[in-house]
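**Q** Handing over data_29.pdb, PDB, N, CA and C atoms.
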```
ATOM      1  N   MET A   1    -193.593 -61.569 -60.961  1.00  0.00           N
ATOM      2  CA  MET A   1    -192.646 -62.596 -61.343  1.00  0.00           C
ATOM      3  C   MET A   1    -191.330 -61.971 -61.802  1.00  0.00           C
ATOM      4  N   PHE A   2    -191.431 -60.846 -62.477  1.00  0.00           N
ATOM      5  CA  PHE A   2    -190.220 -60.179 -62.937  1.00  0.00           C
ATOM      6  C   PHE A   2    -189.339 -59.769 -61.761  1.00  0.00           C
ATOM      7  N   ASP A   3    -189.963 -59.389 -60.655  1.00  0.00           N
ATOM      8  CA  ASP A   3    -189.194 -59.008 -59.473  1.00  0.00           C
ATOM      9  C   ASP A   3    -188.364 -60.171 -58.946  1.00  0.00           C
ATOM     10  N   GLU A   4    -188.934 -61.387 -59.017  1.00  0.00           N
ATOM     11  CA  GLU A   4    -188.195 -62.563 -58.573  1.00  0.00           C
ATOM     12  C   GLU A   4    -186.981 -62.822 -59.477  1.00  0.00           C
ATOM     13  N   VAL A   5    -187.164 -62.611 -60.774  1.00  0.00           N
ATOM     14  CA  VAL A   5    -186.049 -62.802 -61.717  1.00  0.00           C
ATOM     15  C   VAL A   5    -184.947 -61.797 -61.421  1.00  0.00           C
ATOM     16  N   LYS A   6    -185.326 -60.543 -61.189  1.00  0.00           N
ATOM     17  CA  LYS A   6    -184.332 -59.523 -60.882  1.00  0.00           C
ATOM     18  C   LYS A   6    -183.615 -59.829 -59.571  1.00  0.00           C
ATOM     19  N   ALA A   7    -184.352 -60.338 -58.585  1.00  0.00           N
ATOM     20  CA  ALA A   7    -183.733 -60.684 -57.308  1.00  0.00           C
ATOM     21  C   ALA A   7    -182.724 -61.817 -57.482  1.00  0.00           C
ATOM     22  N   ALA A   8    -183.093 -62.820 -58.264  1.00  0.00           N
ATOM     23  CA  ALA A   8    -182.178 -63.937 -58.523  1.00  0.00           C
ATOM     24  C   ALA A   8    -180.940 -63.448 -59.262  1.00  0.00           C
ATOM     25  N   ALA A   9    -181.149 -62.594 -60.252  1.00  0.00           N
ATOM     26  CA  ALA A   9    -180.019 -62.047 -61.005  1.00  0.00           C
ATOM     27  C   ALA A   9    -179.116 -61.234 -60.074  1.00  0.00           C
ATOM     28  N   GLY A  10    -179.712 -60.476 -59.167  1.00  0.00           N
ATOM     29  CA  GLY A  10    -178.930 -59.701 -58.216  1.00  0.00           C
ATOM     30  C   GLY A  10    -178.122 -60.582 -57.294  1.00  0.00           C
ATOM     31  N   TYR A  11    -178.680 -61.716 -56.896  1.00  0.00           N
ATOM     32  CA  TYR A  11    -177.948 -62.642 -56.034  1.00  0.00           C
ATOM     33  C   TYR A  11    -176.718 -63.169 -56.762  1.00  0.00           C
ATOM     34  N   LEU A  12    -176.901 -63.567 -58.006  1.00  0.00           N
ATOM     35  CA  LEU A  12    -175.770 -64.079 -58.776  1.00  0.00           C
ATOM     36  C   LEU A  12    -174.737 -62.988 -59.009  1.00  0.00           C
ATOM     37  N   ASN A  13    -175.227 -61.773 -59.184  1.00  0.00           N
ATOM     38  CA  ASN A  13    -174.339 -60.645 -59.412  1.00  0.00           C
ATOM     39  C   ASN A  13    -173.485 -60.360 -58.178  1.00  0.00           C
ATOM     40  N   LEU A  14    -174.065 -60.495 -57.011  1.00  0.00           N
ATOM     41  CA  LEU A  14    -173.355 -60.178 -55.779  1.00  0.00           C
ATOM     42  C   LEU A  14    -172.524 -61.331 -55.242  1.00  0.00           C
ATOM     43  N   HIS A  15    -172.865 -62.549 -55.601  1.00  0.00           N
ATOM     44  CA  HIS A  15    -172.231 -63.718 -55.011  1.00  0.00           C
ATOM     45  C   HIS A  15    -171.589 -64.591 -56.094  1.00  0.00           C
ATOM     46  N   ASP A  16    -170.400 -64.226 -56.483  1.00  0.00           N
ATOM     47  CA  ASP A  16    -169.736 -64.985 -57.537  1.00  0.00           C
ATOM     48  C   ASP A  16    -169.318 -66.377 -57.101  1.00  0.00           C
ATOM     49  N   GLU A  17    -169.383 -66.649 -55.794  1.00  0.00           N
ATOM     50  CA  GLU A  17    -169.003 -67.985 -55.324  1.00  0.00           C
ATOM     51  C   GLU A  17    -169.988 -69.064 -55.759  1.00  0.00           C
ATOM     52  N   VAL A  18    -171.157 -68.673 -56.244  1.00  0.00           N
ATOM     53  CA  VAL A  18    -172.102 -69.691 -56.714  1.00  0.00           C
ATOM     54  C   VAL A  18    -171.528 -70.466 -57.898  1.00  0.00           C
ATOM     55  N   TYR A  19    -170.543 -69.891 -58.571  1.00  0.00           N
ATOM     56  CA  TYR A  19    -169.910 -70.578 -59.701  1.00  0.00           C
ATOM     57  C   TYR A  19    -168.620 -71.279 -59.303  1.00  0.00           C
ATOM     58  N   GLY A  20    -168.224 -71.142 -58.062  1.00  0.00           N
ATOM     59  CA  GLY A  20    -166.943 -71.679 -57.611  1.00  0.00           C
ATOM     60  C   GLY A  20    -165.962 -70.528 -57.463  1.00  0.00           C
ATOM     61  N   GLU A  21    -164.991 -70.712 -56.619  1.00  0.00           N
ATOM     62  CA  GLU A  21    -164.047 -69.623 -56.299  1.00  0.00           C
ATOM     63  C   GLU A  21    -163.269 -69.138 -57.523  1.00  0.00           C
ATOM     64  N   TRP A  22    -162.650 -70.041 -58.224  1.00  0.00           N
ATOM     65  CA  TRP A  22    -161.805 -69.622 -59.350  1.00  0.00           C
ATOM     66  C   TRP A  22    -162.635 -69.257 -60.587  1.00  0.00           C
ATOM     67  N   PRO A  23    -163.540 -70.120 -61.065  1.00  0.00           N
ATOM     68  CA  PRO A  23    -164.277 -69.737 -62.274  1.00  0.00           C
ATOM     69  C   PRO A  23    -165.208 -68.550 -62.050  1.00  0.00           C
ATOM     70  N   GLY A  24    -165.697 -68.396 -60.837  1.00  0.00           N
ATOM     71  CA  GLY A  24    -166.616 -67.304 -60.561  1.00  0.00           C
ATOM     72  C   GLY A  24    -166.017 -65.949 -60.866  1.00  0.00           C
ATOM     73  N   ARG A  25    -164.750 -65.792 -60.552  1.00  0.00           N
ATOM     74  CA  ARG A  25    -164.084 -64.505 -60.785  1.00  0.00           C
ATOM     75  C   ARG A  25    -163.901 -64.216 -62.268  1.00  0.00           C
ATOM     76  N   LEU A  26    -163.883 -65.244 -63.078  1.00  0.00           N
ATOM     77  CA  LEU A  26    -163.770 -65.049 -64.522  1.00  0.00           C
ATOM     78  C   LEU A  26    -165.130 -64.935 -65.193  1.00  0.00           C
ATOM     79  N   ILE A  27    -166.060 -65.743 -64.733  1.00  0.00           N
ATOM     80  CA  ILE A  27    -167.367 -65.829 -65.387  1.00  0.00           C
ATOM     81  C   ILE A  27    -168.270 -64.645 -65.049  1.00  0.00           C
ATOM     82  N   VAL A  28    -168.314 -64.273 -63.783  1.00  0.00           N
ATOM     83  CA  VAL A  28    -169.272 -63.261 -63.333  1.00  0.00           C
ATOM     84  C   VAL A  28    -169.128 -61.931 -64.075  1.00  0.00           C
ATOM     85  N   PRO A  29    -167.931 -61.398 -64.279  1.00  0.00           N
ATOM     86  CA  PRO A  29    -167.860 -60.131 -65.019  1.00  0.00           C
ATOM     87  C   PRO A  29    -168.437 -60.228 -66.431  1.00  0.00           C
ATOM     88  N   LEU A  30    -168.227 -61.373 -67.060  1.00  0.00           N
ATOM     89  CA  LEU A  30    -168.792 -61.559 -68.397  1.00  0.00           C
ATOM     90  C   LEU A  30    -170.307 -61.717 -68.342  1.00  0.00           C
ATOM     91  N   LEU A  31    -170.759 -62.475 -67.350  1.00  0.00           N
ATOM     92  CA  LEU A  31    -172.198 -62.679 -67.207  1.00  0.00           C
ATOM     93  C   LEU A  31    -172.920 -61.391 -66.822  1.00  0.00           C
ATOM     94  N   ASN A  32    -172.277 -60.542 -66.062  1.00  0.00           N
ATOM     95  CA  ASN A  32    -172.912 -59.300 -65.638  1.00  0.00           C
ATOM     96  C   ASN A  32    -173.322 -58.449 -66.839  1.00  0.00           C
ATOM     97  N   ILE A  33    -172.488 -58.429 -67.847  1.00  0.00           N
ATOM     98  CA  ILE A  33    -172.810 -57.659 -69.053  1.00  0.00           C
ATOM     99  C   ILE A  33    -174.054 -58.234 -69.718  1.00  0.00           C
ATOM    100  N   ALA A  34    -174.061 -59.549 -69.909  1.00  0.00           N
ATOM    101  CA  ALA A  34    -175.219 -60.203 -70.532  1.00  0.00           C
ATOM    102  C   ALA A  34    -176.444 -60.103 -69.625  1.00  0.00           C
ATOM    103  N   GLN A  35    -176.242 -60.237 -68.338  1.00  0.00           N
ATOM    104  CA  GLN A  35    -177.335 -60.183 -67.384  1.00  0.00           C
ATOM    105  C   GLN A  35    -177.988 -58.800 -67.374  1.00  0.00           C
ATOM    106  N   ASP A  36    -177.184 -57.761 -67.376  1.00  0.00           N
ATOM    107  CA  ASP A  36    -177.738 -56.404 -67.394  1.00  0.00           C
ATOM    108  C   ASP A  36    -178.583 -56.184 -68.642  1.00  0.00           C
ATOM    109  N   HIS A  37    -178.088 -56.659 -69.763  1.00  0.00           N
ATOM    110  CA  HIS A  37    -178.839 -56.531 -71.014  1.00  0.00           C
ATOM    111  C   HIS A  37    -180.130 -57.339 -70.944  1.00  0.00           C
ATOM    112  N   ALA A  38    -180.050 -58.547 -70.423  1.00  0.00           N
ATOM    113  CA  ALA A  38    -181.236 -59.406 -70.327  1.00  0.00           C
ATOM    114  C   ALA A  38    -182.282 -58.793 -69.399  1.00  0.00           C
ATOM    115  N   VAL A  39    -181.848 -58.235 -68.281  1.00  0.00           N
ATOM    116  CA  VAL A  39    -182.791 -57.611 -67.344  1.00  0.00           C
ATOM    117  C   VAL A  39    -183.458 -56.404 -68.002  1.00  0.00           C
ATOM    118  N   ASP A  40    -182.691 -55.613 -68.738  1.00  0.00           N
ATOM    119  CA  ASP A  40    -183.277 -54.467 -69.458  1.00  0.00           C
ATOM    120  C   ASP A  40    -184.311 -54.933 -70.471  1.00  0.00           C
ATOM    121  N   GLU A  41    -183.997 -55.996 -71.197  1.00  0.00           N
ATOM    122  CA  GLU A  41    -184.934 -56.520 -72.198  1.00  0.00           C
ATOM    123  C   GLU A  41    -186.187 -57.089 -71.540  1.00  0.00           C
ATOM    124  N   LEU A  42    -186.012 -57.795 -70.427  1.00  0.00           N
ATOM    125  CA  LEU A  42    -187.169 -58.314 -69.689  1.00  0.00           C
ATOM    126  C   LEU A  42    -188.048 -57.180 -69.185  1.00  0.00           C
ATOM    127  N   SER A  43    -187.412 -56.127 -68.705  1.00  0.00           N
ATOM    128  CA  SER A  43    -188.162 -54.973 -68.216  1.00  0.00           C
ATOM    129  C   SER A  43    -188.951 -54.329 -69.348  1.00  0.00           C
ATOM    130  N   THR A  44    -188.323 -54.180 -70.498  1.00  0.00           N
ATOM    131  CA  THR A  44    -189.013 -53.625 -71.665  1.00  0.00           C
ATOM    132  C   THR A  44    -190.175 -54.519 -72.069  1.00  0.00           C
ATOM    133  N   GLY A  45    -189.953 -55.815 -72.042  1.00  0.00           N
ATOM    134  CA  GLY A  45    -191.012 -56.766 -72.397  1.00  0.00           C
ATOM    135  C   GLY A  45    -192.183 -56.723 -71.434  1.00  0.00           C
ATOM    136  N   THR A  46    -191.901 -56.621 -70.143  1.00  0.00           N
ATOM    137  CA  THR A  46    -192.997 -56.561 -69.174  1.00  0.00           C
ATOM    138  C   THR A  46    -193.749 -55.244 -69.285  1.00  0.00           C
ATOM    139  N   ASP A  47    -193.035 -54.164 -69.561  1.00  0.00           N
ATOM    140  CA  ASP A  47    -193.714 -52.874 -69.764  1.00  0.00           C
ATOM    141  C   ASP A  47    -194.621 -52.937 -70.990  1.00  0.00           C
ATOM    142  N   ALA A  48    -194.119 -53.515 -72.064  1.00  0.00           N
ATOM    143  CA  ALA A  48    -194.921 -53.633 -73.291  1.00  0.00           C
ATOM    144  C   ALA A  48    -196.128 -54.534 -73.067  1.00  0.00           C
ATOM    145  N   THR A  49    -195.946 -55.610 -72.320  1.00  0.00           N
ATOM    146  CA  THR A  49    -197.060 -56.518 -72.031  1.00  0.00           C
ATOM    147  C   THR A  49    -198.124 -55.832 -71.187  1.00  0.00           C
ATOM    148  N   SER A  50    -197.696 -55.048 -70.204  1.00  0.00           N
ATOM    149  CA  SER A  50    -198.650 -54.295 -69.384  1.00  0.00           C
ATOM    150  C   SER A  50    -199.420 -53.292 -70.230  1.00  0.00           C
ATOM    151  N   HIS A  51    -198.709 -52.613 -71.105  1.00  0.00           N
ATOM    152  CA  HIS A  51    -199.367 -51.639 -71.984  1.00  0.00           C
ATOM    153  C   HIS A  51    -200.373 -52.343 -72.894  1.00  0.00           C
ATOM    154  N   LEU A  52    -199.999 -53.484 -73.444  1.00  0.00           N
ATOM    155  CA  LEU A  52    -200.908 -54.250 -74.292  1.00  0.00           C
ATOM    156  C   LEU A  52    -202.143 -54.679 -73.510  1.00  0.00           C
ATOM    157  N   ALA A  53    -201.955 -55.115 -72.274  1.00  0.00           N
ATOM    158  CA  ALA A  53    -203.093 -55.524 -71.445  1.00  0.00           C
ATOM    159  C   ALA A  53    -204.038 -54.347 -71.210  1.00  0.00           C
ATOM    160  N   GLN A  54    -203.484 -53.164 -70.969  1.00  0.00           N
ATOM    161  CA  GLN A  54    -204.322 -51.979 -70.788  1.00  0.00           C
ATOM    162  C   GLN A  54    -205.103 -51.660 -72.059  1.00  0.00           C
ATOM    163  N   LEU A  55    -204.437 -51.778 -73.205  1.00  0.00           N
ATOM    164  CA  LEU A  55    -205.117 -51.519 -74.479  1.00  0.00           C
ATOM    165  C   LEU A  55    -206.235 -52.532 -74.723  1.00  0.00           C
ATOM    166  N   LEU A  56    -205.979 -53.787 -74.413  1.00  0.00           N
ATOM    167  CA  LEU A  56    -207.002 -54.818 -74.598  1.00  0.00           C
ATOM    168  C   LEU A  56    -208.194 -54.593 -73.672  1.00  0.00           C
ATOM    169  N   ARG A  57    -207.927 -54.175 -72.440  1.00  0.00           N
ATOM    170  CA  ARG A  57    -209.031 -53.845 -71.530  1.00  0.00           C
ATOM    171  C   ARG A  57    -209.855 -52.688 -72.086  1.00  0.00           C
ATOM    172  N   SER A  58    -209.186 -51.706 -72.631  1.00  0.00           N
ATOM    173  CA  SER A  58    -209.878 -50.555 -73.214  1.00  0.00           C
ATOM    174  C   SER A  58    -210.734 -50.977 -74.406  1.00  0.00           C
ATOM    175  N   VAL A  59    -210.190 -51.829 -75.265  1.00  0.00           N
ATOM    176  CA  VAL A  59    -210.949 -52.325 -76.418  1.00  0.00           C
ATOM    177  C   VAL A  59    -212.154 -53.128 -75.947  1.00  0.00           C
ATOM    178  N   ALA A  60    -211.959 -53.971 -74.936  1.00  0.00           N
ATOM    179  CA  ALA A  60    -213.057 -54.773 -74.411  1.00  0.00           C
ATOM    180  C   ALA A  60    -214.141 -53.872 -73.819  1.00  0.00           C
ATOM    181  N   ASP A  61    -213.739 -52.839 -73.093  1.00  0.00           N
ATOM    182  CA  ASP A  61    -214.713 -51.892 -72.541  1.00  0.00           C
ATOM    183  C   ASP A  61    -215.479 -51.190 -73.656  1.00  0.00           C
ATOM    184  N   ASP A  62    -214.766 -50.740 -74.683  1.00  0.00           N
ATOM    185  CA  ASP A  62    -215.412 -50.066 -75.815  1.00  0.00           C
ATOM    186  C   ASP A  62    -216.376 -51.001 -76.530  1.00  0.00           C
ATOM    187  N   ALA A  63    -215.975 -52.259 -76.710  1.00  0.00           N
ATOM    188  CA  ALA A  63    -216.854 -53.225 -77.374  1.00  0.00           C
ATOM    189  C   ALA A  63    -218.098 -53.470 -76.541  1.00  0.00           C
ATOM    190  N   ASP A  64    -217.937 -53.550 -75.227  1.00  0.00           N
ATOM    191  CA  ASP A  64    -219.081 -53.757 -74.334  1.00  0.00           C
ATOM    192  C   ASP A  64    -220.039 -52.572 -74.414  1.00  0.00           C
ATOM    193  N   ILE A  65    -219.495 -51.365 -74.401  1.00  0.00           N
ATOM    194  CA  ILE A  65    -220.331 -50.162 -74.506  1.00  0.00           C
ATOM    195  C   ILE A  65    -221.036 -50.118 -75.858  1.00  0.00           C
ATOM    196  N   THR A  66    -220.287 -50.420 -76.922  1.00  0.00           N
ATOM    197  CA  THR A  66    -220.859 -50.403 -78.265  1.00  0.00           C
ATOM    198  C   THR A  66    -221.939 -51.464 -78.415  1.00  0.00           C
ATOM    199  N   ASP A  67    -221.668 -52.669 -77.896  1.00  0.00           N
ATOM    200  CA  ASP A  67    -222.672 -53.739 -77.967  1.00  0.00           C
ATOM    201  C   ASP A  67    -223.922 -53.369 -77.178  1.00  0.00           C
ATOM    202  N   GLY A  68    -223.721 -52.747 -76.023  1.00  0.00           N
ATOM    203  CA  GLY A  68    -224.865 -52.316 -75.224  1.00  0.00           C
ATOM    204  C   GLY A  68    -225.687 -51.265 -75.942  1.00  0.00           C
ATOM    205  N   ALA A  69    -225.015 -50.320 -76.581  1.00  0.00           N
ATOM    206  CA  ALA A  69    -225.721 -49.273 -77.325  1.00  0.00           C
ATOM    207  C   ALA A  69    -226.473 -49.872 -78.511  1.00  0.00           C
ATOM    208  N   ALA A  70    -225.849 -50.820 -79.196  1.00  0.00           N
ATOM    209  CA  ALA A  70    -226.514 -51.463 -80.343  1.00  0.00           C
ATOM    210  C   ALA A  70    -227.738 -52.243 -79.879  1.00  0.00           C
ATOM    211  N   ALA A  71    -227.620 -52.952 -78.775  1.00  0.00           N
ATOM    212  CA  ALA A  71    -228.757 -53.717 -78.246  1.00  0.00           C
ATOM    213  C   ALA A  71    -229.893 -52.778 -77.851  1.00  0.00           C
ATOM    214  N   ARG A  72    -229.541 -51.648 -77.258  1.00  0.00           N
ATOM    215  CA  ARG A  72    -230.568 -50.679 -76.861  1.00  0.00           C
ATOM    216  C   ARG A  72    -231.291 -50.128 -78.092  1.00  0.00           C
ATOM    217  N   ARG A  73    -230.539 -49.824 -79.141  1.00  0.00           N
ATOM    218  CA  ARG A  73    -231.157 -49.308 -80.378  1.00  0.00           C
ATOM    219  C   ARG A  73    -232.098 -50.332 -81.000  1.00  0.00           C
ATOM    220  N   ILE A  74    -231.653 -51.603 -80.974  1.00  0.00           N
ATOM    221  CA  ILE A  74    -232.496 -52.670 -81.546  1.00  0.00           C
ATOM    222  C   ILE A  74    -233.777 -52.822 -80.732  1.00  0.00           C
ATOM    223  N   ARG A  75    -233.653 -52.782 -79.414  1.00  0.00           N
ATOM    224  CA  ARG A  75    -234.850 -52.875 -78.554  1.00  0.00           C
ATOM    225  C   ARG A  75    -235.790 -51.697 -78.812  1.00  0.00           C
ATOM    226  N   GLU A  76    -235.210 -50.506 -78.907  1.00  0.00           N
ATOM    227  CA  GLU A  76    -236.030 -49.319 -79.140  1.00  0.00           C
ATOM    228  C   GLU A  76    -236.688 -49.348 -80.517  1.00  0.00           C
ATOM    229  N   ALA A  77    -235.997 -49.872 -81.502  1.00  0.00           N
ATOM    230  CA  ALA A  77    -236.555 -49.960 -82.859  1.00  0.00           C
ATOM    231  C   ALA A  77    -237.673 -50.976 -82.923  1.00  0.00           C
ATOM    232  N   GLY A  78    -237.576 -52.000 -82.087  1.00  0.00           N
ATOM    233  CA  GLY A  78    -238.612 -53.047 -82.083  1.00  0.00           C
ATOM    234  C   GLY A  78    -239.842 -52.645 -81.310  1.00  0.00           C
ATOM    235  N   SER A  79    -239.766 -51.598 -80.534  1.00  0.00           N
ATOM    236  CA  SER A  79    -240.902 -51.188 -79.699  1.00  0.00           C
ATOM    237  C   SER A  79    -241.903 -50.385 -80.490  1.00  0.00           C
TER     238      SER A  79
END
```
Go ahead and render the structure in this file as C-alpha cells.

**A**
Amino acid sequence: MFDEVKAAAGYLNLHDEVYGEWPGRLIVPLLNIAQDHAVDELSTGTDATSHLAQLLRSVADDADITDGAAARRIREAGS
C-alpha cells in the first residue's frame, strides 16, 4: 500500500497541472517540501511496523515453544 502512496505522490510531483496551470506552479514547490517529509515519515512508520510485526511473530513463536515445553513437563510429571 505504501508503494501506491509513493506512486500517487510522484504523479503529483511530476504533474503540476493537476492543480491548474497558474496555481500549480505556486503550490507544487511548496507541496513538494511537505510531500518529501511526509513520504519519509510514512517510510519510517512502515519500517517500524514491519519490525514490530517481526518481533510479535518471534514472541508468539517463543510462547508456543514455551507452552509446548510446559505441557510436555506436565504430561511427564503426571506419568

**Q** Have a look at atom C of Gly20 in chain A and CA of Asn32 in chain A and let me know their distance in Å, one decimal.

**A** 15.5 Å

**Q** Rounded to one decimal in Å, what is the spacing between CA of Thr44 in chain A and atom N of Glu4 in chain A?

**A** 14.8 Å

**Q** Kindly compute an axis-aligned box around the listed atoms of range 34-37 of chain A, allowing 5 Å on each side, and express its centre and edge lengths in Å to one decimal as lines of an AutoDock Vina configuration file.

**A**
```
center_x = -177.1
center_y = -58.2
center_z = -69.2
size_x = 16.1
size_y = 14.1
size_z = 13.6
```

**Q** So the first atom is atom C of Ala34 in chain A and the second is CA of Ala8 in chain A; what is the distance between them in Å, to one decimal place?

**A**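 Interatomic distance, atom C of Ala34 in chain A to CA of Ala8 in chain A: 13.1 Å.
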